[in-house]
$ cat start17.cif   # mmCIF, C-alpha atoms; chains and numbers go by the auth columns
data_upload
#
loop_
_atom_site.group_PDB
_atom_site.id
_atom_site.type_symbol
_atom_site.label_atom_id
_atom_site.label_comp_id
_atom_site.label_asym_id
_atom_site.label_seq_id
_atom_site.Cartn_x
_atom_site.Cartn_y
_atom_site.Cartn_z
_atom_site.B_iso_or_equiv
_atom_site.auth_seq_id
_atom_site.auth_asym_id
ATOM 1 C CA MET A 1 8.935 5.248 -8.748 0.00 1337 I
ATOM 2 C CA ARG A 2 12.089 3.321 -7.888 0.00 1338 I
ATOM 3 C CA GLY A 3 10.873 1.287 -4.952 0.00 1339 I
ATOM 4 C CA CYS A 4 8.034 0.787 -2.522 0.00 1340 I
ATOM 5 C CA ILE A 5 8.455 -1.513 0.456 0.00 1341 I
ATOM 6 C CA GLY A 6 7.039 -1.187 3.928 0.00 1342 I
ATOM 7 C CA ASN A 7 5.418 -2.719 6.972 0.00 1343 I
ATOM 8 C CA ILE A 8 1.695 -2.614 7.543 0.00 1344 I
ATOM 9 C CA ILE A 9 2.046 -3.192 11.285 0.00 1345 I
ATOM 10 C CA GLY A 10 5.080 -1.681 12.990 0.00 1346 I
ATOM 11 C CA GLN A 11 7.448 -4.083 14.702 0.00 1347 I
ATOM 12 C CA GLN A 12 9.960 -1.547 16.030 0.00 1348 I
ATOM 13 C CA PRO A 13 10.237 2.203 16.686 0.00 1349 I
ATOM 14 C CA LEU A 14 9.153 4.327 13.720 0.00 1350 I
ATOM 15 C CA TYR A 15 12.588 5.854 13.109 0.00 1351 I
ATOM 16 C CA LEU A 16 14.120 2.382 12.740 0.00 1352 I
ATOM 17 C CA THR A 17 11.350 1.271 10.408 0.00 1353 I
ATOM 18 C CA VAL A 18 11.833 4.375 8.232 0.00 1354 I
ATOM 19 C CA ARG A 19 15.582 3.732 8.088 0.00 1355 I
ATOM 20 C CA ASP A 20 15.192 0.041 7.247 0.00 1356 I
ATOM 21 C CA MET A 21 12.430 0.509 4.676 0.00 1357 I
ATOM 22 C CA ALA A 22 14.360 3.293 2.909 0.00 1358 I
ATOM 23 C CA VAL A 23 17.250 0.890 2.415 0.00 1359 I
ATOM 24 C CA GLU A 24 14.971 -1.986 1.390 0.00 1360 I
ATOM 25 C CA SER A 25 12.922 0.147 -0.974 0.00 1361 I
ATOM 26 C CA SER A 26 15.975 1.551 -2.744 0.00 1362 I
ATOM 27 C CA SER A 27 17.854 -1.727 -3.021 0.00 1363 I
ATOM 28 C CA ALA A 28 15.563 -4.746 -2.630 0.00 1364 I
ATOM 29 C CA ASP A 29 12.259 -4.074 -4.418 0.00 1365 I
ATOM 30 C CA PRO A 30 12.273 -6.830 -7.061 0.00 1366 I
ATOM 31 C CA ARG A 31 10.240 -4.693 -9.466 0.00 1367 I
ATOM 32 C CA PHE A 32 13.030 -2.134 -9.880 0.00 1368 I
ATOM 33 C CA VAL A 33 16.756 -1.880 -10.507 0.00 1369 I
ATOM 34 C CA PRO A 34 18.471 -0.808 -7.260 0.00 1370 I
ATOM 35 C CA VAL A 35 19.184 2.904 -6.898 0.00 1371 I
ATOM 36 C CA SER A 36 22.816 3.747 -7.642 0.00 1372 I
ATOM 37 C CA PRO A 37 24.879 6.250 -5.620 0.00 1373 I
ATOM 38 C CA ASP A 38 24.907 8.600 -8.631 0.00 1374 I
ATOM 39 C CA GLU A 39 21.110 8.814 -8.520 0.00 1375 I
ATOM 40 C CA LEU A 40 20.813 9.822 -4.867 0.00 1376 I
ATOM 41 C CA LYS A 41 20.857 13.571 -5.624 0.00 1377 I
ATOM 42 C CA GLU A 42 17.790 13.140 -7.849 0.00 1378 I
ATOM 43 C CA ILE A 43 15.746 10.850 -5.585 0.00 1379 I
ATOM 44 C CA LYS A 44 12.625 12.253 -3.918 0.00 1380 I
ATOM 45 C CA ILE A 45 11.559 10.357 -0.823 0.00 1381 I
ATOM 46 C CA GLU A 46 7.955 9.875 0.304 0.00 1382 I
ATOM 47 C CA ILE A 47 7.104 8.190 3.596 0.00 1383 I
ATOM 48 C CA SER A 48 3.603 7.060 4.528 0.00 1384 I
ATOM 49 C CA VAL A 49 2.972 6.377 8.209 0.00 1385 I
ATOM 50 C CA LEU A 50 -0.098 4.159 8.431 0.00 1386 I
ATOM 51 C CA SER A 51 -2.829 4.031 11.035 0.00 1387 I
ATOM 52 C CA GLU A 52 -3.913 0.708 12.458 0.00 1388 I
ATOM 53 C CA PRO A 53 -5.995 -1.173 9.854 0.00 1389 I
ATOM 54 C CA LYS A 54 -9.688 -1.619 10.648 0.00 1390 I
ATOM 55 C CA ARG A 55 -11.922 -4.215 9.038 0.00 1391 I
ATOM 56 C CA VAL A 56 -14.903 -3.015 7.021 0.00 1392 I
ATOM 57 C CA GLU A 57 -17.841 -5.155 5.954 0.00 1393 I
ATOM 58 C CA ASP A 58 -17.871 -4.080 2.327 0.00 1394 I
ATOM 59 C CA ALA A 59 -16.797 -1.410 -0.169 0.00 1395 I
ATOM 60 C CA ASP A 60 -19.265 1.090 1.328 0.00 1396 I
ATOM 61 C CA GLY A 61 -16.824 1.480 4.249 0.00 1397 I
ATOM 62 C CA ILE A 62 -14.057 2.728 1.937 0.00 1398 I
ATOM 63 C CA LYS A 63 -13.526 6.434 1.191 0.00 1399 I
ATOM 64 C CA LEU A 64 -11.317 6.830 -1.880 0.00 1400 I
ATOM 65 C CA GLY A 65 -8.448 9.239 -1.379 0.00 1401 I
ATOM 66 C CA VAL A 66 -8.824 8.959 2.405 0.00 1402 I
ATOM 67 C CA HIS A 67 -8.426 5.240 2.995 0.00 1403 I
ATOM 68 C CA GLY A 68 -5.772 2.834 1.920 0.00 1404 I
ATOM 69 C CA VAL A 69 -7.090 -0.694 1.543 0.00 1405 I
ATOM 70 C CA ILE A 70 -5.826 -4.156 2.365 0.00 1406 I
ATOM 71 C CA VAL A 71 -7.557 -7.102 0.702 0.00 1407 I
ATOM 72 C CA LYS A 72 -7.131 -10.643 2.058 0.00 1408 I
ATOM 73 C CA SER A 73 -8.452 -13.957 0.845 0.00 1409 I
ATOM 74 C CA GLY A 74 -6.881 -17.197 1.952 0.00 1410 I
ATOM 75 C CA TYR A 75 -3.103 -16.830 1.705 0.00 1411 I
ATOM 76 C CA ARG A 76 -3.304 -13.953 -0.758 0.00 1412 I
ATOM 77 C CA SER A 77 -3.294 -10.285 0.130 0.00 1413 I
ATOM 78 C CA GLY A 78 -2.542 -6.905 -1.378 0.00 1414 I
ATOM 79 C CA VAL A 79 -2.422 -3.285 -0.296 0.00 1415 I
ATOM 80 C CA PHE A 80 -2.868 0.115 -1.925 0.00 1416 I
ATOM 81 C CA LEU A 81 -1.942 3.308 -0.085 0.00 1417 I
ATOM 82 C CA PRO A 82 -4.600 6.063 0.050 0.00 1418 I
ATOM 83 C CA GLN A 83 -2.745 8.169 -2.519 0.00 1419 I
ATOM 84 C CA VAL A 84 -3.131 5.472 -5.208 0.00 1420 I
ATOM 85 C CA ALA A 85 -6.742 6.551 -5.758 0.00 1421 I
ATOM 86 C CA ASP A 86 -5.714 10.159 -6.401 0.00 1422 I
ATOM 87 C CA GLU A 87 -2.750 9.203 -8.579 0.00 1423 I
ATOM 88 C CA THR A 88 -4.742 6.858 -10.834 0.00 1424 I
ATOM 89 C CA GLY A 89 -8.147 8.550 -10.931 0.00 1425 I
ATOM 90 C CA TRP A 90 -9.799 5.128 -10.649 0.00 1426 I
ATOM 91 C CA THR A 91 -13.363 4.670 -9.495 0.00 1427 I
ATOM 92 C CA LYS A 92 -13.837 2.650 -6.311 0.00 1428 I
ATOM 93 C CA GLU A 93 -14.650 -0.433 -8.391 0.00 1429 I
ATOM 94 C CA GLU A 94 -11.510 0.017 -10.531 0.00 1430 I
ATOM 95 C CA PHE A 95 -9.404 0.615 -7.415 0.00 1431 I
ATOM 96 C CA LEU A 96 -10.644 -2.557 -5.728 0.00 1432 I
ATOM 97 C CA SER A 97 -10.480 -4.679 -8.883 0.00 1433 I
ATOM 98 C CA ASN A 98 -6.877 -3.600 -9.550 0.00 1434 I
ATOM 99 C CA LEU A 99 -5.984 -4.252 -5.924 0.00 1435 I
ATOM 100 C CA CYS A 100 -7.433 -7.756 -6.054 0.00 1436 I
ATOM 101 C CA GLU A 101 -6.075 -8.761 -9.440 0.00 1437 I
ATOM 102 C CA GLY A 102 -2.864 -6.750 -9.732 0.00 1438 I
ATOM 103 C CA LYS A 103 -1.600 -6.819 -6.156 0.00 1439 I
ATOM 104 C CA ALA A 104 -3.164 -9.856 -4.495 0.00 1440 I
ATOM 105 C CA GLY A 105 -3.385 -12.220 -7.474 0.00 1441 I
ATOM 106 C CA LEU A 106 -7.093 -12.730 -6.884 0.00 1442 I
ATOM 107 C CA PRO A 107 -9.954 -12.539 -9.360 0.00 1443 I
ATOM 108 C CA ALA A 108 -10.769 -8.891 -10.101 0.00 1444 I
ATOM 109 C CA ASP A 109 -14.171 -9.177 -8.436 0.00 1445 I
ATOM 110 C CA ALA A 110 -12.934 -10.976 -5.294 0.00 1446 I
ATOM 111 C CA TRP A 111 -13.652 -7.832 -3.245 0.00 1447 I
ATOM 112 C CA LYS A 112 -17.376 -8.530 -3.715 0.00 1448 I
ATOM 113 C CA ASP A 113 -17.099 -11.971 -2.074 0.00 1449 I
ATOM 114 C CA LYS A 114 -18.219 -11.951 1.584 0.00 1450 I
ATOM 115 C CA LYS A 115 -15.313 -14.311 2.409 0.00 1451 I
ATOM 116 C CA THR A 116 -12.791 -11.699 1.238 0.00 1452 I
ATOM 117 C CA GLU A 117 -11.586 -9.469 4.055 0.00 1453 I
ATOM 118 C CA LEU A 118 -11.278 -5.710 3.501 0.00 1454 I
ATOM 119 C CA TYR A 119 -9.351 -3.438 5.857 0.00 1455 I
ATOM 120 C CA VAL A 120 -8.960 0.335 5.690 0.00 1456 I
ATOM 121 C CA PHE A 121 -6.311 2.639 7.087 0.00 1457 I
ATOM 122 C CA THR A 122 -5.239 6.244 6.756 0.00 1458 I
ATOM 123 C CA ALA A 123 -1.745 7.576 6.178 0.00 1459 I
ATOM 124 C CA GLN A 124 0.268 10.584 7.183 0.00 1460 I
ATOM 125 C CA VAL A 125 2.421 11.288 4.143 0.00 1461 I
ATOM 126 C CA PHE A 126 5.773 13.052 4.363 0.00 1462 I
ATOM 127 C CA SER A 127 7.946 13.968 1.404 0.00 1463 I
ATOM 128 C CA GLU A 128 10.836 16.136 0.424 0.00 1464 I
#
$ encode --input "start17.cif" --output "structure tokens"
Amino acid sequence: MRGCIGNIIGQQPLYLTVRDMAVESSSADPRFVPVSPDELKEIKIEISVLSEPKRVEDADGIKLGVHGVIVKSGYRSGVFLPQVADETGWTKEEFLSNLCEGKAGLPADAWKDKKTELYVFTAQVFSE
């Protein structure tokens, strides 16, 4: 992976969002060195178009491999796309713990706290 940046809720037409996020993902993701022009021939692009997030009461409302998940607690939040579950092979508990700790900067078990908000969404995934 060389970049992953997106919008959870669309603010403009989809084609403009895809254009803008492709540029941002390839050049502005702080976790990666920007893609160079020489690399463009080798780059494979994957686009996930998300459904509207819906709040669930607890982890029972999450279907791994079908749902992406957003976790929110206070000012902290994190998101995993649905395909993360398939790519990692994590159990639901591992998925949620990694989301909380690794993406949102929360305690690993924050997803169990009733004050923590969980949202699910699906994604249509397009790739080359």
$ atom_distance --input "start17.cif" --atom1 "atom CA of Thr1424 of chain I" --atom2 "atom CA of Leu1400 of chain I"
11.1 Å
$ residues_near_point --input "start17.cif" --point "(2.3, -4.1, 9.7)" --cutoff "10 Å" --atoms "all atoms listed in the file" --output "list in words"
Gly1342, Asn1343, Ile1344, Ile1345, Gly1346, Gln1347, Leu1386, Ser1387, Glu1388 and Pro1389 of chain I
$ resolve_selection --input "start17.cif" --expression "the PyMOL selection byres ((chain I and resi 1431-1448) around 10)" --output "PyMOL selection string"
chain I and resi 1394-1395+1398+1400+1405-1416+1420-1421+1424-1430+1449-1454
$ closest_residue --input "start17.cif" --among "I:Val1392, I:Ile1379, I:Val1385, I:Val1369" --to "Met1357 of chain I" --atoms "all atoms listed in the file"
I:Val1385
$ resolve_selection --input "start17.cif" --expression "the PyMOL selection byres ((chain I and resi 1390) around 6)" --output "JSON, numbers by chain"
{"I": [1389, 1391, 1455, 1456]}
$ write_last_selection --input "start17.cif" --atoms "C-alpha atoms" --output "compact mmCIF listing (two decimals), keeping the file's coordinate frame"
# COMPACT_ATOMS: atom_id res chain seq x y z
CA PRO I 1389 -6.00 -1.17 9.85
CA ARG I 1391 -11.92 -4.22 9.04
CA TYR I 1455 -9.35 -3.44 5.86
CA VAL I 1456 -8.96 0.34 5.69
$ atom_distance --input "start17.cif" --atom1 "atom CA of Leu1417 of chain I" --atom2 "atom CA of His1403 of chain I"
7.4 Å
$ residues_around --input "start17.cif" --residues "Pro1418 of chain I" --least-positions-apart "3" --cutoff "6 Å" --atoms "all atoms listed in the file" --output "list in words"
Gly1401, Val1402, His1403 and Gly1404 of chain I
$ residues_around --input "start17.cif" --residues "Met1337 of chain I" --least-positions-apart "6" --cutoff "12 Å" --atoms "all atoms listed in the file" --output "VMD selection string"
chain I and resid 1361 to 1362 1365 1367 to 1371 1378 to 1382
$ write_last_selection --input "start17.cif" --atoms "C-alpha atoms" --output "PDB file, in the coordinates of the input"
ATOM      1  CA  SER I1361      12.922   0.147  -0.974  1.00  0.00           C
ATOM      2  CA  SER I1362      15.975   1.551  -2.744  1.00  0.00           C
ATOM      3  CA  ASP I1365      12.259  -4.074  -4.418  1.00  0.00           C
ATOM      4  CA  ARG I1367      10.240  -4.693  -9.466  1.00  0.00           C
ATOM      5  CA  PHE I1368      13.030  -2.134  -9.880  1.00  0.00           C
ATOM      6  CA  VAL I1369      16.756  -1.880 -10.507  1.00  0.00           C
ATOM      7  CA  PRO I1370      18.471  -0.808  -7.260  1.00  0.00           C
ATOM      8  CA  VAL I1371      19.184   2.904  -6.898  1.00  0.00           C
ATOM      9  CA  GLU I1378      17.790  13.140  -7.849  1.00  0.00           C
ATOM     10  CA  ILE I1379      15.746  10.850  -5.585  1.00  0.00           C
ATOM     11  CA  LYS I1380      12.625  12.253  -3.918  1.00  0.00           C
ATOM     12  CA  ILE I1381      11.559  10.357  -0.823  1.00  0.00           C
ATOM     13  CA  GLU I1382       7.955   9.875   0.304  1.00  0.00           C
TER      14      GLU I1382
END
$ atom_distance --input "start17.cif" --atom1 "atom CA of Gly1339 of chain I" --atom2 "atom CA of Ser1463 of chain I"
14.5 Å
$ decode --input "start17.cif" --residues "chain I" --atoms "C-alpha atoms" --output "compact mmCIF listing (two decimals), in the first residue's frame"
# COMPACT_ATOMS: atom_id res chain seq x y z
CA MET I 1337 0.00 0.00 0.00
CA ARG I 1338 1.24 3.48 -0.88
CA GLY I 1339 -1.61 5.58 0.41
CA CYS I 1340 -5.12 5.48 1.79
CA ILE I 1341 -7.08 8.69 2.23
CA GLY I 1342 -10.77 9.30 1.80
CA ASN I 1343 -14.00 10.88 2.96
CA ILE I 1344 -16.52 9.01 5.04
CA ILE I 1345 -19.36 11.35 4.06
CA GLY I 1346 -19.29 12.77 0.54
CA GLN I 1347 -19.12 16.54 0.23
CA GLN I 1348 -19.15 16.79 -3.57
CA PRO I 1349 -19.98 14.65 -6.62
CA LEU I 1350 -18.37 11.20 -6.53
CA TYR I 1351 -16.17 11.76 -9.58
CA LEU I 1352 -14.61 14.84 -7.95
CA THR I 1353 -14.07 12.99 -4.69
CA VAL I 1354 -12.37 10.10 -6.52
CA ARG I 1355 -10.12 12.55 -8.37
CA ASP I 1356 -9.20 14.50 -5.24
CA MET I 1357 -8.64 11.45 -3.03
CA ALA I 1358 -6.45 9.77 -5.67
CA VAL I 1359 -4.17 12.80 -5.62
CA GLU I 1360 -4.23 13.05 -1.82
CA SER I 1361 -3.65 9.35 -1.31
CA SER I 1362 -0.68 9.24 -3.67
CA SER I 1363 0.97 12.42 -2.43
CA ALA I 1364 -0.25 13.42 1.04
CA ASP I 1365 -0.66 10.30 3.19
CA PRO I 1366 1.87 10.98 5.98
CA ARG I 1367 2.49 7.26 6.49
CA PHE I 1368 4.06 6.84 3.04
CA VAL I 1369 6.59 8.43 0.72
CA PRO I 1370 4.71 10.15 -2.14
CA VAL I 1371 4.36 8.14 -5.35
CA SER I 1372 6.87 9.22 -8.00
CA PRO I 1373 6.03 9.57 -11.71
CA ASP I 1374 8.26 6.56 -12.45
CA GLU I 1375 6.06 4.37 -10.26
CA LEU I 1376 2.75 5.20 -11.93
CA LYS I 1377 2.96 2.28 -14.40
CA GLU I 1378 3.17 -0.15 -11.46
CA ILE I 1379 0.45 1.36 -9.26
CA LYS I 1380 -2.81 -0.56 -8.82
CA ILE I 1381 -5.73 1.60 -7.77
CA GLU I 1382 -8.58 0.47 -5.52
CA ILE I 1383 -11.57 2.69 -4.82
CA SER I 1384 -14.13 1.97 -2.10
CA VAL I 1385 -17.44 3.81 -2.38
CA LEU I 1386 -19.05 3.75 1.06
CA SER I 1387 -22.68 3.54 2.05
CA GLU I 1388 -24.06 5.90 4.65
CA PRO I 1389 -22.82 4.84 8.12
CA LYS I 1390 -25.45 3.48 10.51
CA ARG I 1391 -25.03 3.29 14.26
CA VAL I 1392 -25.14 -0.12 15.91
CA GLU I 1393 -25.61 -0.76 19.62
CA ASP I 1394 -22.75 -3.21 20.01
CA ALA I 1395 -20.41 -5.62 18.21
CA ASP I 1396 -23.30 -8.02 17.51
CA GLY I 1397 -24.43 -5.58 14.79
CA ILE I 1398 -21.15 -5.99 12.88
CA LYS I 1399 -20.68 -8.61 10.15
CA LEU I 1400 -16.97 -9.09 9.44
CA GLY I 1401 -16.10 -8.94 5.76
CA VAL I 1402 -19.41 -7.19 5.01
CA HIS I 1403 -19.24 -4.13 7.23
CA GLY I 1404 -16.61 -1.50 7.61
CA VAL I 1405 -16.60 0.04 11.07
CA ILE I 1406 -16.17 3.52 12.48
CA VAL I 1407 -15.40 3.82 16.19
CA LYS I 1408 -15.87 7.14 18.02
CA SER I 1409 -15.19 8.14 21.59
CA GLY I 1410 -14.86 11.76 22.56
CA TYR I 1411 -12.63 13.48 20.01
CA ARG I 1412 -11.04 10.24 18.86
CA SER I 1413 -12.21 8.12 15.96
CA GLY I 1414 -10.95 5.49 13.55
CA VAL I 1415 -12.21 3.56 10.56
CA PHE I 1416 -11.51 0.20 8.93
CA LEU I 1417 -12.90 -0.64 5.50
CA PRO I 1418 -14.80 -3.95 5.16
CA GLN I 1419 -11.91 -5.58 3.30
CA VAL I 1420 -9.57 -5.18 6.31
CA ALA I 1421 -11.22 -8.17 7.98
CA ASP I 1422 -10.55 -10.40 4.97
CA GLU I 1423 -7.01 -9.11 4.47
CA THR I 1424 -5.96 -9.64 8.10
CA GLY I 1425 -7.95 -12.74 9.06
CA TRP I 1426 -8.68 -11.15 12.45
CA THR I 1427 -11.53 -12.27 14.65
CA LYS I 1428 -14.19 -9.65 15.39
CA GLU I 1429 -12.55 -8.94 18.75
CA GLU I 1430 -9.11 -8.51 17.12
CA PHE I 1431 -10.60 -6.31 14.40
CA LEU I 1432 -12.30 -4.01 16.91
CA SER I 1433 -9.35 -3.92 19.31
CA ASN I 1434 -6.95 -2.99 16.48
CA LEU I 1435 -9.39 -0.36 15.25
CA CYS I 1436 -9.66 1.20 18.70
CA GLU I 1437 -5.99 1.08 19.62
CA GLY I 1438 -4.23 1.32 16.26
CA LYS I 1439 -6.49 3.73 14.40
CA ALA I 1440 -8.36 5.74 17.02
CA GLY I 1441 -5.73 5.87 19.78
CA LEU I 1442 -8.19 4.45 22.29
CA PRO I 1443 -7.73 1.58 24.72
CA ALA I 1444 -8.00 -1.73 22.87
CA ASP I 1445 -11.21 -2.64 24.69
CA ALA I 1446 -12.92 0.75 24.21
CA TRP I 1447 -15.38 -0.87 21.78
CA LYS I 1448 -16.95 -2.67 24.76
CA ASP I 1449 -17.75 0.63 26.52
CA LYS I 1450 -21.39 1.70 26.06
CA LYS I 1451 -20.20 5.32 25.66
CA THR I 1452 -18.16 4.36 22.58
CA GLU I 1453 -20.10 4.80 19.36
CA LEU I 1454 -19.92 2.11 16.66
CA TYR I 1455 -21.08 2.70 13.09
CA VAL I 1456 -21.18 0.22 10.21
CA PHE I 1457 -21.16 0.74 6.47
CA THR I 1458 -20.72 -1.31 3.33
CA ALA I 1459 -18.49 -0.57 0.37
CA GLN I 1460 -18.57 -1.07 -3.35
CA VAL I 1461 -14.96 -1.78 -4.25
CA PHE I 1462 -13.52 -1.05 -7.68
CA SER I 1463 -9.98 -1.86 -8.77
CA GLU I 1464 -7.85 -2.22 -11.82
